[in-house]
Amino acid sequence: MTVVNALQLFFIGLLTLAFGVPATLLGLLLPGKALKGKLFLRVSKYYSRAALLALRVNVACRGLEHIDVRKPYVFMSNHVSHADAPALASVLPHPLHWVFKKELAKIPVFGWVLLAGGQIMVDRADPEGSRAALERALSGLSGNNSVMIYPEGTRSRDGKLQPLKKGGFWMAVHSGLPIVPVRVSGTREIVAADSLRIRPGNVLVEVFPPIDTAGKGMGDIPELMKRVREAMLSGTPGPG
């Protein structure tokens, strides 16, 4: 680890403490997922923008005209880097409830914020329990509060889009919410999947037109998965 890298990680740690501790305390006091979602939107957006600016990472967004900020969606993004989440949080306008794996809740401050901020924890070793958690999360959503999920399930090590898992699609069909495919490119050059070394660079977030799920059933999931995959692969060529 270089001195510069160590300083970068130290700065991220301080920023996480500065934003995370007050956000955790406030999140525990706020009632309902809607208010927690609005809190998490502001905290994650300002935190992400501050971190990206300090680390000299520029994020551009294309396609926001496809979505209505007043309506809820299930956003689905590819996942290749630790930098994906701050890039997405910095540009998407909706209060997002991120689906995250149980292991992340164990990370001090970061995990606390996720739990206190009304995010959606799932245990990959317990599919039935995870589905119940998703059902509870959906029942508490209101207004334009939306879901963000990485349908690949984990980060891609080689940057290529992995097979998509059904969990997020079940959630979209169950709730009747439209699916919005999202593609992030450029983040793998900033922070590789198995690295904490951070480099400056440019990121592009592409938002594709929503895919309607109204009236769809479980039998329609394979077609929905195909359409989301095609949208993600149709984005700007390059990393991610």
# chains A, B, ... in the order shown; residues from 1 in each chain; ligands from 1
>>> residues_around(residues="range 105-118 of chain A", least_positions_apart="4", cutoff="12 Å", atoms="only C-alpha atoms", output="count of residues only")
53
>>> residues_around(residues="range 187-195 of chain A", least_positions_apart="2", cutoff="6 Å", atoms="only C-alpha atoms", output="ChimeraX atom specification")
/A:80-81,83,157,185,197-199,203
>>> atom_distance(atom1="CA of Leu104 in chain A", atom2="CA of Tyr46 in chain A")
20.7 Å
>>> atom_distance(atom1="CA of Val91 in chain A", atom2="CA of Gln119 in chain A")
18.3 Å
>>> select_by_dssp(residues="range 3-239 of chain A", states="strand (DSSP E)", output="tab-separated table (two decimals) with C-alpha atoms, in the first residue's frame")
chain	number	residue	atom	x	y	z
A	57	VAL	CA	-13.53	11.01	-9.73
A	58	ASN	CA	-15.93	12.67	-12.16
A	59	VAL	CA	-19.38	11.13	-12.65
A	60	ALA	CA	-21.56	11.88	-15.67
A	61	CYS	CA	-25.12	10.61	-16.07
A	62	ARG	CA	-27.09	9.93	-19.21
A	74	VAL	CA	-36.76	-1.12	-8.98
A	75	PHE	CA	-33.36	0.04	-10.23
A	76	MET	CA	-31.00	-2.72	-11.40
A	77	SER	CA	-27.34	-1.98	-12.03
A	96	LEU	CA	-33.08	4.42	-2.74
A	97	HIS	CA	-33.41	1.36	-0.52
A	98	TRP	CA	-30.39	-0.75	-1.38
A	99	VAL	CA	-30.53	-4.53	-1.18
A	100	PHE	CA	-27.31	-5.52	0.59
A	101	LYS	CA	-25.80	-8.77	1.86
A	120	ILE	CA	-32.80	-4.03	2.81
A	121	MET	CA	-30.57	-6.75	4.30
A	122	VAL	CA	-30.66	-10.26	2.84
A	146	SER	CA	-37.39	2.96	-4.77
A	147	VAL	CA	-35.26	-0.16	-4.60
A	148	MET	CA	-31.69	-0.52	-5.87
A	149	ILE	CA	-30.29	-4.00	-6.46
A	179	ILE	CA	-37.63	-2.10	-13.62
A	180	VAL	CA	-35.05	0.50	-14.61
A	181	PRO	CA	-31.84	-1.03	-16.00
A	182	VAL	CA	-28.70	0.97	-15.20
A	183	ARG	CA	-25.16	0.57	-16.52
A	184	VAL	CA	-22.08	1.92	-14.74
A	185	SER	CA	-18.82	2.09	-16.69
A	201	GLY	CA	-10.92	8.90	-13.45
A	202	ASN	CA	-14.26	9.34	-15.19
A	203	VAL	CA	-17.44	7.34	-14.62
A	204	LEU	CA	-20.55	7.16	-16.77
A	205	VAL	CA	-23.95	6.12	-15.35
A	206	GLU	CA	-26.48	5.26	-18.06
A	207	VAL	CA	-30.19	5.01	-17.18
>>> closest_residue(among="A:Pro209, A:Pro163, A:Pro200, A:Pro178", to="Pro222 in chain A", atoms="only C-alpha atoms")
A:Pro163
>>> atom_distance(atom1="CA of Lys226 in chain A", atom2="CA of His82 in chain A")
25.6 Å
>>> select_by_dssp(residues="range 52-125 of chain A", states="helix (DSSP H, G or I)", output="list in words")
Leu52, Leu53, Ala54, Leu64, Glu65, His66, Asp84, Ala85, Pro86, Ala87, Leu88, Ala89, Ser90, Val91, Lys102, Glu103, Leu104, Ala105, Lys106, Phe110, Gly111, Trp112, Val113, Leu114, Leu115 and Ala116 of chain A
>>> write_last_selection(atoms="C-alpha atoms", output="mmCIF file, in the first residue's frame")
data_model
loop_
_atom_site.group_PDB
_atom_site.id
_atom_site.type_symbol
_atom_site.label_atom_id
_atom_site.label_comp_id
_atom_site.auth_asym_id
_atom_site.auth_seq_id
_atom_site.Cartn_x
_atom_site.Cartn_y
_atom_site.Cartn_z
ATOM 1 C CA LEU A 52 -15.696 11.409 -5.340
ATOM 2 C CA LEU A 53 -14.651 15.054 -5.518
ATOM 3 C CA ALA A 54 -11.785 14.549 -3.073
ATOM 4 C CA LEU A 64 -32.393 10.578 -16.499
ATOM 5 C CA GLU A 65 -35.111 11.850 -18.822
ATOM 6 C CA HIS A 66 -36.397 8.264 -19.034
ATOM 7 C CA ASP A 84 -20.319 1.737 -8.210
ATOM 8 C CA ALA A 85 -22.443 2.615 -5.178
ATOM 9 C CA PRO A 86 -21.143 6.184 -4.657
ATOM 10 C CA ALA A 87 -21.357 6.834 -8.407
ATOM 11 C CA LEU A 88 -25.003 5.710 -8.479
ATOM 12 C CA ALA A 89 -25.928 7.503 -5.254
ATOM 13 C CA SER A 90 -24.417 10.756 -6.485
ATOM 14 C CA VAL A 91 -26.629 11.041 -9.580
ATOM 15 C CA LYS A 102 -25.829 -9.541 5.566
ATOM 16 C CA GLU A 103 -22.042 -9.462 5.829
ATOM 17 C CA LEU A 104 -21.948 -5.699 5.160
ATOM 18 C CA ALA A 105 -23.977 -5.019 8.319
ATOM 19 C CA LYS A 106 -20.943 -6.115 10.362
ATOM 20 C CA PHE A 110 -21.047 1.761 7.319
ATOM 21 C CA GLY A 111 -23.195 -1.207 8.357
ATOM 22 C CA TRP A 112 -24.895 0.837 11.054
ATOM 23 C CA VAL A 113 -25.968 3.440 8.509
ATOM 24 C CA LEU A 114 -27.411 0.781 6.209
ATOM 25 C CA LEU A 115 -29.497 -0.718 8.996
ATOM 26 C CA ALA A 116 -30.618 2.578 10.559
#
>>> residues_around(residues="Lys165 in chain A", least_positions_apart="2", cutoff="12 Å", atoms="only C-alpha atoms", output="JSON list (two decimals) with C-alpha atoms, in the first residue's frame")
[["chain", "number", "residue", "atom", "x", "y", "z"],
["A", 76, "MET", "CA", -31.00, -2.72, -11.40],
["A", 78, "ASN", "CA", -24.29, -3.93, -13.10],
["A", 124, "ARG", "CA", -27.71, -15.35, 0.82],
["A", 149, "ILE", "CA", -30.29, -4.00, -6.46],
["A", 150, "TYR", "CA", -27.32, -5.55, -8.20],
["A", 151, "PRO", "CA", -28.99, -8.46, -10.04],
["A", 152, "GLU", "CA", -25.65, -10.22, -10.60],
["A", 153, "GLY", "CA", -25.52, -10.78, -6.85],
["A", 154, "THR", "CA", -21.85, -9.85, -6.44],
["A", 161, "LEU", "CA", -21.78, -8.88, -17.05],
["A", 162, "GLN", "CA", -22.46, -12.06, -15.07],
["A", 163, "PRO", "CA", -25.67, -14.15, -15.16],
["A", 167, "GLY", "CA", -34.45, -12.20, -6.63],
["A", 168, "GLY", "CA", -34.75, -8.63, -7.86],
["A", 169, "PHE", "CA", -37.08, -9.66, -10.66],
["A", 170, "TRP", "CA", -39.32, -11.49, -8.22],
["A", 171, "MET", "CA", -39.39, -8.28, -6.18],
["A", 221, "ILE", "CA", -39.30, -13.41, -15.19],
["A", 222, "PRO", "CA", -37.03, -15.06, -17.80],
["A", 224, "LEU", "CA", -37.69, -9.63, -18.00],
["A", 225, "MET", "CA", -34.18, -10.90, -17.20],
["A", 226, "LYS", "CA", -33.40, -11.06, -20.91],
["A", 228, "VAL", "CA", -32.59, -6.11, -18.56],
["A", 229, "ARG", "CA", -29.47, -7.92, -19.70]]
>>> closest_residue(among="A:Ala51, A:Ala231, A:Val69, A:Val4", to="Pro93 in chain A", atoms="only C-alpha atoms")
A:Val69
>>> closest_residue(among="A:Tyr73, A:Pro127, A:Leu233, A:Leu196", to="Asp212 in chain A", atoms="only C-alpha atoms")
A:Tyr73
>>> closest_residue(among="A:Arg155, A:Lys160, A:Lys216, A:His79", to="His174 in chain A", atoms="only C-alpha atoms")
A:Lys216
>>> decode(residues="range 143-220 of chain A", atoms="C-alpha atoms", output="PDB file, in the first residue's frame")
ATOM      1  CA  GLY A 143     -44.196   7.767  -2.558  1.00  0.00           C
ATOM      2  CA  ASN A 144     -41.173   7.683  -4.848  1.00  0.00           C
ATOM      3  CA  ASN A 145     -39.101   5.493  -2.517  1.00  0.00           C
ATOM      4  CA  SER A 146     -37.391   2.958  -4.768  1.00  0.00           C
ATOM      5  CA  VAL A 147     -35.260  -0.164  -4.602  1.00  0.00           C
ATOM      6  CA  MET A 148     -31.686  -0.519  -5.873  1.00  0.00           C
ATOM      7  CA  ILE A 149     -30.294  -3.996  -6.458  1.00  0.00           C
ATOM      8  CA  TYR A 150     -27.315  -5.553  -8.204  1.00  0.00           C
ATOM      9  CA  PRO A 151     -28.989  -8.461 -10.044  1.00  0.00           C
ATOM     10  CA  GLU A 152     -25.647 -10.225 -10.605  1.00  0.00           C
ATOM     11  CA  GLY A 153     -25.518 -10.781  -6.846  1.00  0.00           C
ATOM     12  CA  THR A 154     -21.847  -9.845  -6.441  1.00  0.00           C
ATOM     13  CA  ARG A 155     -19.086  -7.868  -8.144  1.00  0.00           C
ATOM     14  CA  SER A 156     -17.790  -9.049 -11.489  1.00  0.00           C
ATOM     15  CA  ARG A 157     -14.070  -9.811 -11.251  1.00  0.00           C
ATOM     16  CA  ASP A 158     -13.378  -9.447 -14.992  1.00  0.00           C
ATOM     17  CA  GLY A 159     -15.750  -6.562 -15.735  1.00  0.00           C
ATOM     18  CA  LYS A 160     -18.076  -8.693 -17.858  1.00  0.00           C
ATOM     19  CA  LEU A 161     -21.778  -8.880 -17.050  1.00  0.00           C
ATOM     20  CA  GLN A 162     -22.463 -12.059 -15.068  1.00  0.00           C
ATOM     21  CA  PRO A 163     -25.671 -14.146 -15.162  1.00  0.00           C
ATOM     22  CA  LEU A 164     -28.542 -12.327 -13.476  1.00  0.00           C
ATOM     23  CA  LYS A 165     -30.288 -13.757 -10.423  1.00  0.00           C
ATOM     24  CA  LYS A 166     -34.059 -13.882 -10.035  1.00  0.00           C
ATOM     25  CA  GLY A 167     -34.447 -12.199  -6.629  1.00  0.00           C
ATOM     26  CA  GLY A 168     -34.751  -8.629  -7.864  1.00  0.00           C
ATOM     27  CA  PHE A 169     -37.080  -9.658 -10.657  1.00  0.00           C
ATOM     28  CA  TRP A 170     -39.322 -11.490  -8.220  1.00  0.00           C
ATOM     29  CA  MET A 171     -39.393  -8.282  -6.176  1.00  0.00           C
ATOM     30  CA  ALA A 172     -40.358  -6.177  -9.193  1.00  0.00           C
ATOM     31  CA  VAL A 173     -43.111  -8.572 -10.306  1.00  0.00           C
ATOM     32  CA  HIS A 174     -44.407  -8.987  -6.755  1.00  0.00           C
ATOM     33  CA  SER A 175     -44.647  -5.219  -6.276  1.00  0.00           C
ATOM     34  CA  GLY A 176     -45.668  -4.306  -9.823  1.00  0.00           C
ATOM     35  CA  LEU A 177     -42.940  -1.661  -9.918  1.00  0.00           C
ATOM     36  CA  PRO A 178     -41.220  -0.927 -13.252  1.00  0.00           C
ATOM     37  CA  ILE A 179     -37.630  -2.102 -13.623  1.00  0.00           C
ATOM     38  CA  VAL A 180     -35.050   0.505 -14.607  1.00  0.00           C
ATOM     39  CA  PRO A 181     -31.837  -1.032 -15.997  1.00  0.00           C
ATOM     40  CA  VAL A 182     -28.696   0.974 -15.205  1.00  0.00           C
ATOM     41  CA  ARG A 183     -25.162   0.566 -16.515  1.00  0.00           C
ATOM     42  CA  VAL A 184     -22.080   1.924 -14.736  1.00  0.00           C
ATOM     43  CA  SER A 185     -18.822   2.093 -16.685  1.00  0.00           C
ATOM     44  CA  GLY A 186     -15.371   3.366 -15.730  1.00  0.00           C
ATOM     45  CA  THR A 187     -15.460   2.379 -12.058  1.00  0.00           C
ATOM     46  CA  ARG A 188     -13.318  -0.723 -12.527  1.00  0.00           C
ATOM     47  CA  GLU A 189     -10.385   1.499 -13.543  1.00  0.00           C
ATOM     48  CA  ILE A 190     -10.864   3.558 -10.379  1.00  0.00           C
ATOM     49  CA  VAL A 191     -11.177   0.689  -7.872  1.00  0.00           C
ATOM     50  CA  ALA A 192     -10.783  -2.872  -9.146  1.00  0.00           C
ATOM     51  CA  ALA A 193     -13.014  -5.569  -7.643  1.00  0.00           C
ATOM     52  CA  ASP A 194     -10.281  -7.094  -5.465  1.00  0.00           C
ATOM     53  CA  SER A 195      -8.387  -3.913  -4.633  1.00  0.00           C
ATOM     54  CA  LEU A 196      -8.603  -0.875  -2.369  1.00  0.00           C
ATOM     55  CA  ARG A 197      -6.239   1.203  -4.494  1.00  0.00           C
ATOM     56  CA  ILE A 198      -8.099   4.277  -5.733  1.00  0.00           C
ATOM     57  CA  ARG A 199      -7.229   6.110  -8.945  1.00  0.00           C
ATOM     58  CA  PRO A 200      -8.752   9.304 -10.371  1.00  0.00           C
ATOM     59  CA  GLY A 201     -10.915   8.900 -13.450  1.00  0.00           C
ATOM     60  CA  ASN A 202     -14.256   9.335 -15.190  1.00  0.00           C
ATOM     61  CA  VAL A 203     -17.440   7.340 -14.616  1.00  0.00           C
ATOM     62  CA  LEU A 204     -20.554   7.159 -16.771  1.00  0.00           C
ATOM     63  CA  VAL A 205     -23.947   6.124 -15.353  1.00  0.00           C
ATOM     64  CA  GLU A 206     -26.481   5.255 -18.060  1.00  0.00           C
ATOM     65  CA  VAL A 207     -30.188   5.015 -17.175  1.00  0.00           C
ATOM     66  CA  PHE A 208     -32.356   3.068 -19.622  1.00  0.00           C
ATOM     67  CA  PRO A 209     -36.139   3.284 -20.181  1.00  0.00           C
ATOM     68  CA  PRO A 210     -38.270   1.530 -17.540  1.00  0.00           C
ATOM     69  CA  ILE A 211     -39.542  -1.981 -18.236  1.00  0.00           C
ATOM     70  CA  ASP A 212     -43.166  -2.381 -17.145  1.00  0.00           C
ATOM     71  CA  THR A 213     -44.032  -5.295 -14.835  1.00  0.00           C
ATOM     72  CA  ALA A 214     -47.748  -4.567 -14.365  1.00  0.00           C
ATOM     73  CA  GLY A 215     -49.756  -7.736 -14.914  1.00  0.00           C
ATOM     74  CA  LYS A 216     -46.617  -9.882 -15.101  1.00  0.00           C
ATOM     75  CA  GLY A 217     -46.227 -13.168 -13.235  1.00  0.00           C
ATOM     76  CA  MET A 218     -43.455 -15.509 -12.242  1.00  0.00           C
ATOM     77  CA  GLY A 219     -43.523 -17.053 -15.702  1.00  0.00           C
ATOM     78  CA  ASP A 220     -42.524 -13.698 -17.199  1.00  0.00           C
TER      79      ASP A 220
END
